[in-house]
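Data block for target-v8.tsv (TSV, C-alpha atoms):
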chain	number	residue	atom	x	y	z
U	29	MET	CA	50.41	84.79	77.16
U	30	LYS	CA	48.47	87.97	76.73
U	31	THR	CA	45.41	87.64	74.51
U	32	LEU	CA	44.59	90.66	72.40
U	33	THR	CA	41.03	91.67	71.74
U	34	PRO	CA	39.86	91.54	68.12
U	35	THR	CA	40.44	95.27	67.59
U	36	SER	CA	43.29	97.14	65.93
U	37	LEU	CA	46.73	96.48	67.40
U	38	TRP	CA	47.20	100.23	67.63
U	39	ARG	CA	45.01	100.05	70.76
U	40	ASP	CA	47.39	97.63	72.45
U	41	ARG	CA	50.10	99.41	74.48
U	42	GLN	CA	52.47	96.43	74.42
U	43	PHE	CA	52.45	96.24	70.65
U	44	ARG	CA	52.81	100.01	70.28
U	45	THR	CA	55.87	99.96	72.54
U	46	PHE	CA	57.52	97.19	70.56
U	47	TRP	CA	56.52	98.82	67.28
U	48	SER	CA	58.23	102.07	68.31
U	49	ALA	CA	61.42	100.18	69.22
U	50	GLN	CA	61.49	98.40	65.88
U	51	GLY	CA	60.55	101.49	63.89
U	52	VAL	CA	63.32	103.67	65.28
U	53	SER	CA	66.04	101.02	64.99
U	54	GLU	CA	64.92	100.21	61.43
U	55	PHE	CA	65.33	103.89	60.56
U	56	GLY	CA	68.85	103.82	61.92
U	57	ASP	CA	69.64	100.66	59.98
U	58	ARG	CA	68.80	102.37	56.72
U	59	ILE	CA	71.37	105.04	57.50
U	60	SER	CA	74.11	102.49	58.15
U	61	GLU	CA	73.22	100.42	55.09
U	62	LEU	CA	74.06	103.48	52.99
U	63	ALA	CA	76.90	104.83	55.16
U	64	LEU	CA	78.96	101.62	55.47
U	65	PRO	CA	79.50	101.04	51.73
U	66	LEU	CA	79.99	104.77	51.20
U	67	ILE	CA	82.73	104.74	53.84
U	68	ALA	CA	84.39	101.91	51.90
U	69	VAL	CA	83.90	103.54	48.48
U	70	THR	CA	84.58	107.22	49.23
U	71	LEU	CA	87.00	107.16	52.18
U	72	LEU	CA	88.88	103.90	51.63
U	73	ASP	CA	88.66	103.64	47.81
U	74	ALA	CA	87.31	100.08	47.93
U	75	SER	CA	87.08	97.98	44.76
U	76	PRO	CA	83.88	96.17	43.70
U	77	SER	CA	85.16	92.90	45.19
U	78	GLN	CA	86.03	94.63	48.49
U	79	VAL	CA	82.53	96.13	48.66
U	80	GLY	CA	81.19	92.64	48.00
U	81	PHE	CA	83.28	91.26	50.87
U	82	LEU	CA	81.93	93.99	53.16
U	83	THR	CA	78.34	93.06	52.32
U	84	ALA	CA	79.25	89.41	52.83
U	85	ALA	CA	80.66	90.22	56.28
U	86	VAL	CA	77.31	91.70	57.33
U	87	TRP	CA	75.54	88.41	56.58
U	88	LEU	CA	78.32	85.99	57.54
U	89	PRO	CA	77.10	85.50	61.17
U	90	ASN	CA	73.88	84.01	59.83
U	91	LEU	CA	75.82	80.83	59.15
U	92	ALA	CA	75.81	80.34	62.93
U	93	SER	CA	72.09	81.11	63.27
U	94	LEU	CA	71.16	77.48	63.84
U	95	PHE	CA	73.36	77.18	66.92
U	96	ILE	CA	72.52	80.65	68.22
U	97	GLY	CA	68.80	79.92	67.82
U	98	THR	CA	69.19	76.55	69.51
U	99	TRP	CA	70.89	78.19	72.49
U	100	VAL	CA	68.22	80.90	72.58
U	101	ASP	CA	65.43	78.29	72.63
U	102	LYS	CA	66.59	77.06	76.05
U	103	ARG	CA	66.03	80.53	77.57
U	104	ARG	CA	62.47	81.05	78.76
U	105	ASP	CA	62.60	84.85	78.68
U	106	LYS	CA	63.89	86.12	75.35
U	107	ARG	CA	63.59	89.80	76.23
U	108	PRO	CA	66.98	90.19	78.01
U	109	LEU	CA	68.70	88.67	74.99
U	110	MET	CA	67.07	91.20	72.69
U	111	ILE	CA	68.16	94.06	74.95
U	112	ALA	CA	71.74	92.73	75.07
U	113	ALA	CA	71.79	92.48	71.28
U	114	ASP	CA	70.69	96.12	70.90
U	115	LEU	CA	73.30	97.43	73.35
U	116	SER	CA	76.04	95.35	71.72
U	117	ARG	CA	75.27	96.89	68.34
U	118	THR	CA	75.44	100.35	69.89
U	119	ILE	CA	78.98	99.81	71.21
U	120	VAL	CA	80.25	98.16	68.03
U	121	LEU	CA	78.92	100.88	65.72
U	122	LEU	CA	80.33	103.71	67.84
U	123	SER	CA	83.83	102.34	67.26
U	124	LEU	CA	83.64	103.56	63.64
U	125	PRO	CA	83.32	107.31	64.28
U	126	ALA	CA	85.91	106.96	67.07
U	127	ALA	CA	88.41	105.42	64.62
U	128	TYR	CA	87.56	108.06	62.02
U	129	TRP	CA	88.29	110.92	64.40
U	130	LEU	CA	91.57	109.24	65.40
U	131	ASP	CA	92.49	108.70	61.73
U	132	LEU	CA	92.64	104.92	62.29
U	133	LEU	CA	89.77	103.80	60.05
U	134	THR	CA	90.54	100.74	57.87
U	135	LEU	CA	88.69	98.21	55.75
U	136	GLY	CA	89.63	95.57	58.32
U	137	GLN	CA	87.70	97.46	60.98
U	138	LEU	CA	84.71	97.81	58.65
U	139	TYR	CA	84.70	94.04	58.17
U	140	ALA	CA	84.98	93.43	61.93
U	141	VAL	CA	82.15	95.85	62.72
U	142	ALA	CA	79.97	94.24	60.06
U	143	ILE	CA	80.55	90.76	61.52
U	144	LEU	CA	80.02	91.74	65.18
U	145	ALA	CA	76.92	93.83	64.47
U	146	GLY	CA	75.61	91.02	62.28
U	147	THR	CA	76.08	88.51	65.12
U	148	ALA	CA	74.05	90.72	67.47
U	149	HIS	CA	71.40	91.01	64.77
U	150	VAL	CA	71.15	87.20	64.55
U	151	LEU	CA	70.78	86.96	68.33
U	152	PHE	CA	67.97	89.54	68.28
U	153	ASN	CA	66.12	87.88	65.40
U	154	THR	CA	66.24	84.34	66.77
U	155	ALA	CA	64.95	85.58	70.13
U	156	TYR	CA	62.29	87.64	68.36
U	157	ALA	CA	60.86	84.55	66.62
U	158	SER	CA	59.67	83.22	69.99
U	159	PHE	CA	58.99	86.62	71.55
U	160	PHE	CA	56.62	87.63	68.73
U	161	VAL	CA	54.08	84.89	69.48
U	162	ARG	CA	54.08	85.86	73.18
U	163	LEU	CA	53.36	89.46	72.26
U	164	VAL	CA	50.76	88.94	69.51
U	165	SER	CA	47.89	86.46	69.39
U	166	ARG	CA	47.50	84.11	66.42
U	167	ASP	CA	44.48	86.04	65.12
U	168	HIS	CA	46.71	89.11	64.76
U	169	PHE	CA	49.76	87.54	63.10
U	170	LEU	CA	48.95	88.93	59.65
U	171	GLU	CA	48.01	92.37	60.98
U	172	ALA	CA	51.13	92.60	63.17
U	173	ASN	CA	53.46	91.51	60.36
U	174	SER	CA	51.76	93.97	58.02
U	175	LYS	CA	52.18	96.86	60.46
U	176	LEU	CA	55.80	96.02	61.28
U	177	SER	CA	56.60	95.59	57.58
U	178	ALA	CA	54.89	98.89	56.76
U	179	THR	CA	57.02	100.64	59.36
U	180	ARG	CA	60.13	98.99	57.94
U	181	SER	CA	59.10	100.25	54.51
U	182	ILE	CA	58.67	103.78	55.86
U	183	SER	CA	62.22	103.52	57.19
U	184	PHE	CA	63.38	102.64	53.68
U	185	MET	CA	61.62	105.78	52.45
U	186	GLY	CA	63.09	108.26	54.91
U	187	GLY	CA	66.22	106.49	56.16
U	188	PRO	CA	68.30	106.49	52.94
U	189	ALA	CA	67.36	110.09	52.16
U	190	LEU	CA	68.31	111.17	55.69
U	191	GLY	CA	71.41	109.00	55.55
U	192	GLY	CA	72.52	110.46	52.23
U	193	LEU	CA	72.12	114.00	53.54
U	194	LEU	CA	73.94	113.17	56.79
U	195	VAL	CA	76.80	111.63	54.81
U	196	GLN	CA	77.08	114.77	52.65
U	197	TRP	CA	76.81	117.21	55.56
U	198	LEU	CA	78.63	115.41	58.37
U	199	SER	CA	80.52	112.48	56.73
U	200	ALA	CA	79.59	108.81	56.67
U	201	PRO	CA	81.27	107.84	59.97
U	202	VAL	CA	79.40	110.53	61.88
U	203	ALA	CA	76.11	109.36	60.35
U	204	ILE	CA	76.77	105.96	61.97
U	205	VAL	CA	76.33	107.62	65.39
U	206	VAL	CA	72.63	108.13	64.62
U	207	ASP	CA	72.16	104.41	64.00
U	208	ALA	CA	73.98	103.54	67.23
U	209	LEU	CA	71.63	105.76	69.24
U	210	THR	CA	68.55	104.12	67.71
U	211	PHE	CA	69.60	100.82	69.28
U	212	VAL	CA	69.76	102.50	72.69
U	213	PHE	CA	66.15	103.60	72.21
U	214	SER	CA	65.16	100.10	71.11
U	215	ALA	CA	66.78	98.55	74.19
U	216	VAL	CA	64.91	100.94	76.48
U	217	GLN	CA	61.56	100.24	74.82
U	218	VAL	CA	62.00	96.46	74.83
U	219	SER	CA	62.90	96.62	78.53
U	220	ARG	CA	59.46	98.17	79.18
U	221	LEU	CA	57.58	95.21	77.69
U	222	LYS	CA	55.92	92.80	80.11
U	223	THR	CA	55.27	89.50	78.37
U	224	ALA	CA	54.94	86.11	80.00
U	225	PRO	CA	58.00	83.88	79.42
U	226	ALA	CA	57.51	80.79	77.33
U	227	GLU	CA	56.98	77.42	78.97
U	228	ALA	CA	60.20	75.79	80.09
U	229	ASP	CA	61.75	73.26	77.73
U	230	GLU	CA	62.93	70.50	80.05
U	231	SER	CA	64.98	68.70	77.40
U	232	GLU	CA	68.49	67.75	78.52
U	233	ASP	CA	69.72	67.13	74.98
U	234	SER	CA	73.03	68.64	73.92
U	235	LEU	CA	73.23	71.81	71.87
U	236	LEU	CA	74.31	69.83	68.80
U	237	ARG	CA	71.42	67.37	69.11
U	238	ARG	CA	68.89	70.17	69.54
U	239	ALA	CA	70.37	71.97	66.54
U	240	ARG	CA	69.98	68.81	64.43
U	241	GLU	CA	66.36	68.52	65.57
U	242	GLY	CA	65.69	72.09	64.47
U	243	MET	CA	67.23	71.52	61.05
U	244	ARG	CA	65.40	68.20	60.62
U	245	TYR	CA	62.07	69.83	61.58
U	246	LEU	CA	62.69	72.55	58.99
U	247	LEU	CA	63.69	70.25	56.14
U	248	ARG	CA	60.87	67.73	56.73
U	249	HIS	CA	58.10	70.31	57.05
U	250	PRO	CA	56.35	70.67	53.66
U	251	TYR	CA	55.56	74.37	54.11
U	252	LEU	CA	58.90	75.36	55.61
U	253	ARG	CA	61.01	73.32	53.19
U	254	SER	CA	59.43	74.94	50.12
U	255	SER	CA	59.52	78.44	51.57
U	256	LEU	CA	63.17	77.93	52.51
U	257	GLY	CA	64.16	76.95	48.97
U	258	CYS	CA	62.26	79.86	47.45
U	259	ALA	CA	63.49	82.51	49.90
U	260	THR	CA	67.09	81.27	49.75
U	261	THR	CA	67.18	81.46	45.95
U	262	VAL	CA	65.66	84.95	46.01
U	263	ASN	CA	68.19	86.11	48.62
U	264	PHE	CA	71.19	84.63	46.82
U	265	PHE	CA	70.50	86.47	43.58
U	266	ASN	CA	69.29	89.59	45.36
U	267	LEU	CA	72.60	89.90	47.25
U	268	ILE	CA	74.51	89.67	43.99
U	269	SER	CA	72.95	93.01	43.06
U	270	THR	CA	72.60	94.48	46.56
U	271	ALA	CA	76.35	94.18	47.13
U	272	LEU	CA	77.00	96.46	44.15
U	273	LEU	CA	73.96	98.74	44.00
U	274	VAL	CA	75.43	101.72	45.91
U	275	LEU	CA	78.67	101.42	43.95
U	276	PHE	CA	76.70	101.14	40.67
U	277	ALA	CA	74.63	104.20	41.51
U	278	SER	CA	77.71	106.19	42.53
U	279	ARG	CA	80.14	105.24	39.76
U	280	ASN	CA	78.11	103.92	36.82
U	281	LEU	CA	75.09	106.20	37.15
U	282	ASP	CA	77.26	109.04	38.50
U	283	LEU	CA	74.76	110.03	41.21
U	284	SER	CA	75.68	111.93	44.39
U	285	ALA	CA	75.17	110.45	47.86
U	286	GLY	CA	72.18	112.73	48.43
U	287	THR	CA	70.58	111.77	45.12
U	288	ILE	CA	71.14	108.08	45.80
U	289	GLY	CA	69.52	108.41	49.22
U	290	ILE	CA	66.54	110.31	47.84
U	291	ALA	CA	66.07	107.76	45.02
U	292	PHE	CA	66.17	104.92	47.54
U	293	GLY	CA	63.73	106.78	49.76
U	294	ILE	CA	61.25	107.44	46.95
U	295	GLY	CA	61.56	103.86	45.76
U	296	ALA	CA	60.97	102.51	49.24
U	297	SER	CA	57.48	104.01	49.26
U	298	GLY	CA	56.60	100.92	47.24
U	299	GLY	CA	57.38	98.87	50.33
U	300	LEU	CA	54.92	100.87	52.40
U	301	LEU	CA	52.21	100.41	49.80
U	302	GLY	CA	53.09	96.73	49.52
U	303	ALA	CA	52.88	96.19	53.28
U	304	LEU	CA	49.50	97.93	53.42
U	305	ALA	CA	48.26	96.04	50.37
U	306	ALA	CA	49.56	92.61	51.45
U	307	THR	CA	46.60	91.76	53.69
U	308	PRO	CA	43.81	92.68	51.22
U	309	LEU	CA	45.78	91.11	48.35
U	310	THR	CA	46.15	87.93	50.40
U	311	ARG	CA	42.37	87.82	50.83
U	312	LEU	CA	41.86	88.52	47.12
U	313	LEU	CA	44.47	86.21	45.57
U	314	GLY	CA	45.28	83.82	48.39
U	315	ALA	CA	48.51	83.74	50.38
U	316	GLY	CA	50.24	81.20	48.15
U	317	ARG	CA	49.63	82.99	44.86
U	318	LEU	CA	50.71	86.32	46.31
U	319	ILE	CA	53.93	84.77	47.62
U	320	ALA	CA	54.64	83.34	44.16
U	321	LEU	CA	54.06	86.69	42.42
U	322	GLY	CA	56.35	88.45	44.88
U	323	ALA	CA	59.05	85.84	44.32
U	324	VAL	CA	59.11	86.66	40.58
U	325	ILE	CA	58.67	90.43	40.52
U	326	PHE	CA	61.03	91.28	43.40
U	327	PRO	CA	64.30	89.98	41.89
U	328	ALA	CA	63.39	90.97	38.31
U	329	SER	CA	62.87	94.65	39.21
U	330	ILE	CA	66.60	95.42	39.49
U	331	ALA	CA	66.85	95.18	35.68
U	332	ILE	CA	65.17	98.60	35.46
U	333	ALA	CA	68.16	100.22	37.17
U	334	ALA	CA	70.65	98.12	35.18
U	335	PHE	CA	69.34	99.52	31.88
U	336	ALA	CA	69.32	103.15	33.09
U	337	SER	CA	71.00	105.84	30.95
U	338	GLY	CA	70.45	109.42	29.88
U	339	PRO	CA	70.13	112.60	31.96
U	340	VAL	CA	70.56	112.59	35.74
U	341	TRP	CA	66.82	112.70	36.40
U	342	VAL	CA	66.27	109.64	34.17
U	343	ARG	CA	69.07	107.68	35.87
U	344	ALA	CA	67.83	108.62	39.33
U	345	GLY	CA	64.24	107.88	38.29
U	346	ALA	CA	65.16	104.43	37.01
U	347	LEU	CA	66.92	103.65	40.30
U	348	ALA	CA	63.86	104.84	42.23
U	349	ALA	CA	61.50	102.82	39.99
U	350	ALA	CA	63.52	99.63	40.46
U	351	GLU	CA	63.47	100.14	44.22
U	352	PHE	CA	59.72	100.95	44.23
U	353	ILE	CA	58.64	97.84	42.33
U	354	GLY	CA	61.04	95.58	44.21
U	355	ALA	CA	59.98	96.97	47.59
U	356	PHE	CA	56.28	96.49	46.80
U	357	ALA	CA	56.87	92.93	45.62
U	358	VAL	CA	59.03	91.89	48.57
U	359	MET	CA	56.32	92.98	51.02
U	360	CYS	CA	53.80	90.87	49.11
U	361	PHE	CA	56.26	88.00	49.50
U	362	ASP	CA	57.32	88.53	53.12
U	363	VAL	CA	54.08	89.43	54.93
U	364	PRO	CA	52.03	86.34	54.03
U	365	LEU	CA	55.09	84.05	54.18
U	366	ASN	CA	56.13	85.22	57.66
U	367	SER	CA	52.56	84.84	58.92
U	368	LEU	CA	52.27	81.36	57.42
U	369	GLN	CA	55.54	80.28	59.03
U	370	ALA	CA	54.49	81.60	62.45
U	371	ALA	CA	51.31	79.52	62.21
U	372	VAL	CA	52.96	76.17	61.38
U	373	ILE	CA	55.99	76.06	63.75
U	374	HIS	CA	55.70	74.28	67.11
U	375	GLU	CA	56.13	76.49	70.21
U	376	HIS	CA	59.27	74.70	71.48
U	377	MET	CA	60.95	74.84	68.08
U	378	ARG	CA	60.54	78.49	67.11
U	379	SER	CA	63.98	79.95	67.85
U	380	ARG	CA	65.98	76.96	66.64
U	381	VAL	CA	63.86	76.64	63.48
U	382	ALA	CA	64.26	80.39	62.91
U	383	GLY	CA	67.99	79.87	63.38
U	384	ALA	CA	68.08	76.90	61.01
U	385	PHE	CA	66.08	78.87	58.42
U	386	SER	CA	68.43	81.86	58.75
U	387	SER	CA	71.54	79.69	58.59
U	388	ILE	CA	70.55	78.70	55.06
U	389	ASN	CA	68.39	81.59	53.88
U	390	TYR	CA	70.62	84.37	55.20
U	391	GLY	CA	73.77	82.26	55.26
U	392	VAL	CA	73.72	82.15	51.47
U	393	ARG	CA	73.80	85.94	51.33
U	394	PRO	CA	77.58	86.25	51.94
U	395	LEU	CA	78.13	83.89	49.02
U	396	GLY	CA	75.83	85.97	46.83
U	397	ALA	CA	77.60	89.18	47.87
U	398	ILE	CA	81.06	87.72	47.20
U	399	ILE	CA	80.00	86.36	43.82
U	400	GLY	CA	78.41	89.71	43.01
U	401	GLY	CA	81.64	91.52	43.86
U	402	LEU	CA	83.78	89.12	41.84
U	403	LEU	CA	81.41	89.21	38.85
U	404	GLY	CA	81.30	93.00	39.05
U	405	THR	CA	85.10	93.13	38.80
U	406	TRP	CA	85.23	90.46	36.07
U	407	ILE	CA	82.38	91.22	33.66
U	408	GLY	CA	81.16	94.62	34.85
U	409	VAL	CA	78.70	95.90	37.43
U	410	ARG	CA	75.80	96.53	35.04
U	411	GLU	CA	76.06	93.03	33.58
U	412	THR	CA	76.14	91.53	37.07
U	413	LEU	CA	72.87	93.28	37.96
U	414	LEU	CA	71.23	91.69	34.93
U	415	ILE	CA	72.44	88.23	35.99
U	416	SER	CA	70.91	88.90	39.41
U	417	ALA	CA	67.56	89.86	37.88
U	418	THR	CA	67.43	86.83	35.59
U	419	GLY	CA	68.52	84.21	38.10
U	420	GLY	CA	66.20	85.38	40.85
U	421	ILE	CA	63.10	84.63	38.79
U	422	PHE	CA	63.74	80.88	39.09
U	423	ALA	CA	63.06	81.00	42.85
U	424	VAL	CA	59.36	80.47	42.15
U	425	LEU	CA	60.08	76.92	40.93
U	426	TRP	CA	60.44	75.84	44.58
U	427	LEU	CA	56.74	76.55	45.11
U	428	ILE	CA	55.51	74.32	42.29
U	429	GLY	CA	53.95	71.23	43.81
U	430	SER	CA	54.20	72.59	47.37
U	431	PRO	CA	51.14	73.14	49.62
U	432	ILE	CA	52.03	76.84	49.76
U	433	LEU	CA	50.57	77.59	46.32
U	434	THR	CA	47.16	76.24	47.31
U	435	THR	CA	47.06	78.00	50.70
U	436	ARG	CA	44.60	80.89	50.80
U	437	ASP	CA	44.72	81.89	54.50
U	438	LEU	CA	45.93	80.69	57.91
U	439	GLU	CA	42.68	78.99	58.87
U	440	GLY	CA	43.23	75.35	59.72
U	441	LEU	CA	47.02	75.56	59.68
U	442	GLU	CA	48.53	73.87	62.72
U	443	PRO	CA	52.08	72.85	63.70
U	444	PRO	CA	52.78	69.15	63.19
U	445	PRO	CA	53.34	67.17	66.41
U	446	LEU	CA	56.92	66.73	67.62
U	447	ASP	CA	58.48	63.30	67.26
Now, as a test, write the supplied structure out as structure tokens.
Amino acid sequence: MKTLTPTSLWRDRQFRTFWSAQGVSEFGDRISELALPLIAVTLLDASPSQVGFLTAAVWLPNLASLFIGTWVDKRRDKRPLMIAADLSRTIVLLSLPAAYWLDLLTLGQLYAVAILAGTAHVLFNTAYASFFVRLVSRDHFLEANSKLSATRSISFMGGPALGGLLVQWLSAPVAIVVDALTFVFSAVQVSRLKTAPAEADESEDSLLRRAREGMRYLLRHPYLRSSLGCATTVNFFNLISTALLVLFASRNLDLSAGTIGIAFGIGASGGLLGALAATPLTRLLGAGRLIALGAVIFPASIAIAAFASGPVWVRAGALAAAEFIGAFAVMCFDVPLNSLQAAVIHEHMRSRVAGAFSSINYGVRPLGAIIGGLLGTWIGVRETLLISATGGIFAVLWLIGSPILTTRDLEGLEPPPLD
């Protein structure tokens, strides 16, 4: 594995290449995250429950993450899998504008595209879990996660604003083309990376047995078990609101697509600040305390948007403020937590543990989205957002009594030996 010198990662060509791939594709993702629900709401007149089902479809493939990650773990070189995932998403997404131009666009196709693109996303992420530690040395885990998270936050700043304008000028299906092309760029950049493959795992165990080992490793590990419970609770309640936020902004707050995109973009600047602040805040407060603060503030912030009323600028400002505070808090949660997890997982378990973690942590998201859609139809969208904000706060209870709260940095953290 390549060892990086103790200087800024910006001086490392390999990291810069990967960073550019991730940055561009993240920008495209922000466009689709706005365009897909707007296609459902504006072109297909979807109900709140149907929008919830669409959001659920995006996350549904994560239920298979454990088995996908287990299969990925047997492959020494993860790079070809990441390239295949990018190209698959390109083809799937391009089917939407094609159907639109042929006047064949349906909600069924939206669901299918969401599931197929989500499956490719799972493949990429489980391969990335192992690829990351071949690309970046342990001493640079926190810096690398901070830089990648900062770039993701920048995409949340510019992507929704660009997406909203593209939807208004060109239509939502055409805006999807931009996202598809970003995956082509990502595939090209990842193909240029030259990282040493991981050591071969000579185990002859079946896929099911290896999957069970990954889940057992996750659930028995004191750091991973607590972080899983906390992150899963946060994600469940967050998806209750996320499934309805575009619809709420469009119908309840009566904001245009462009205004929604700009509000999301302004709000996302909090993510950039959070990603940049995560490393110094970790040193100041300790990783565990910062994770706990993020776990409380992130879900609670959506209440600001839920209470919005008054003139357009006030409604848009409240939406932007909710996004800003939530984005800052989630970076303070994610950056130290991701770095901590990378430090305590055994080399031969990374992809399957990442898959097991995603199966639960992301697998609960479809349930949250469906419940959000059903609650939005039953009791109202605004009331559902308040339930999301209240319930999410309880995620921090998973950290009480766990070693995470007392962890200040990554020094001394080592993976436990395999059985």
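Considering all atoms listed in the file, the residue among U:Thr435, U:Ser174, U:Ser183, U:Thr83 positioned nearest to Gly146 of chain U is U:Thr83.
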_Selection: 8 Å around Val100 of chain U, all atoms listed in the file, excl. self and same-chain fewer than 4 positions, as a PyMOL selection string_ = chain U and resi 96+106+151+154-155+379-380
_Long-range neighbours of segment 394-407 of chain U as a PyMOL selection string, 7 Å cut-off, all atoms listed in the file, 3 positions minimum in chain_ = chain U and resi 76-77+79-81+83-85+87-88+264-265+267-269+271-272+391+411-412
Go ahead and dump the residues you just picked, C-alpha atoms, as an mmCIF file, keeping the file's coordinate frame.
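Below you can see selection_37.cif, which holds the result:
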data_model
loop_
_atom_site.group_PDB
_atom_site.id
_atom_site.type_symbol
_atom_site.label_atom_id
_atom_site.label_comp_id
_atom_site.auth_asym_id
_atom_site.auth_seq_id
_atom_site.Cartn_x
_atom_site.Cartn_y
_atom_site.Cartn_z
ATOM 1 C CA PRO U 76 83.880 96.170 43.700
ATOM 2 C CA SER U 77 85.160 92.900 45.190
ATOM 3 C CA VAL U 79 82.530 96.130 48.660
ATOM 4 C CA GLY U 80 81.190 92.640 48.000
ATOM 5 C CA PHE U 81 83.280 91.260 50.870
ATOM 6 C CA THR U 83 78.340 93.060 52.320
ATOM 7 C CA ALA U 84 79.250 89.410 52.830
ATOM 8 C CA ALA U 85 80.660 90.220 56.280
ATOM 9 C CA TRP U 87 75.540 88.410 56.580
ATOM 10 C CA LEU U 88 78.320 85.990 57.540
ATOM 11 C CA PHE U 264 71.190 84.630 46.820
ATOM 12 C CA PHE U 265 70.500 86.470 43.580
ATOM 13 C CA LEU U 267 72.600 89.900 47.250
ATOM 14 C CA ILE U 268 74.510 89.670 43.990
ATOM 15 C CA SER U 269 72.950 93.010 43.060
ATOM 16 C CA ALA U 271 76.350 94.180 47.130
ATOM 17 C CA LEU U 272 77.000 96.460 44.150
ATOM 18 C CA GLY U 391 73.770 82.260 55.260
ATOM 19 C CA GLU U 411 76.060 93.030 33.580
ATOM 20 C CA THR U 412 76.140 91.530 37.070
#
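With all atoms listed in the file as the basis for measurement, U:Arg58 is the residue among U:Arg58, U:Arg436, U:His249, U:Arg393 that approaches Gly191 of chain U most closely.
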- Message: Env of Ser93 of chain U: 8 Å cut, atoms = all atoms listed in the file, seq-sep filter 5 positions within chain, self excluded. Answer as a PyMOL selection string.
- Response: chain U and resi 150-151+154+382-384+386-387
ask   = segment 293-310 of chain U: which residues within 6 Å, counting only C-alpha atoms, same-chain residues fewer than 4 positions away excluded, as a list in words?
value = Ser174, Ser177, Ala178, Ser181, Ile182, Phe184, Met185, Gly186, Pro188, Ala189, Gly314, Ala315, Ala348, Ala349, Glu351, Phe352, Ala355, Phe356, Met359 and Cys360 of chain U
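With all atoms listed in the file taken into account, the protein and nucleic acid residues at most 12 Å from segment 124-131 of chain U (excluding it and anything under 6 positions from it in its own chain) are U:Ser60, U:Ala63, U:Leu64, U:Ile67, U:Ala68, U:Leu71, U:Leu72, U:Arg117, U:Thr118, U:Gln137, U:Leu138, U:Tyr139, U:Ala140, U:Val141, U:Ala142, U:Ala145, U:Leu198, U:Ser199, U:Ala200, U:Pro201, U:Val202, U:Ala203, U:Ile204, U:Val205, U:Val206, U:Asp207, U:Ala208.
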Students should find that atom CA of Pro65 of chain U and atom CA of Ser53 of chain U are spaced 18.9 Å
Exercise for review: Go through U:Leu194, U:Arg279, U:Ala417, U:Ile388 one by one, measure the shortest atom-to-atom distance of each to Pro327 of chain U using all atoms listed in the file, and give the residue with the smallest value.
Suggested key: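 Ranked by minimum distance to Pro327 of chain U, first place goes to U:Ala417.
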Expressed in Å, the length from atom CA of Ser255 of chain U to atom CA of Ile330 of chain U is 22.0 Å
- Message: Under the rule that all atoms listed in the file are counted, which of U:Thr45, U:Ser254, U:Ser158, U:Asn266 is the nearest residue to Thr98 of chain U?
- Response: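 Closest to Thr98 of chain U, using all atoms listed in the file: U:Ser158.
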As a check of understanding: the span from atom CA of Tyr390 of chain U to atom CA of Val262 of chain U is 10.5 Å
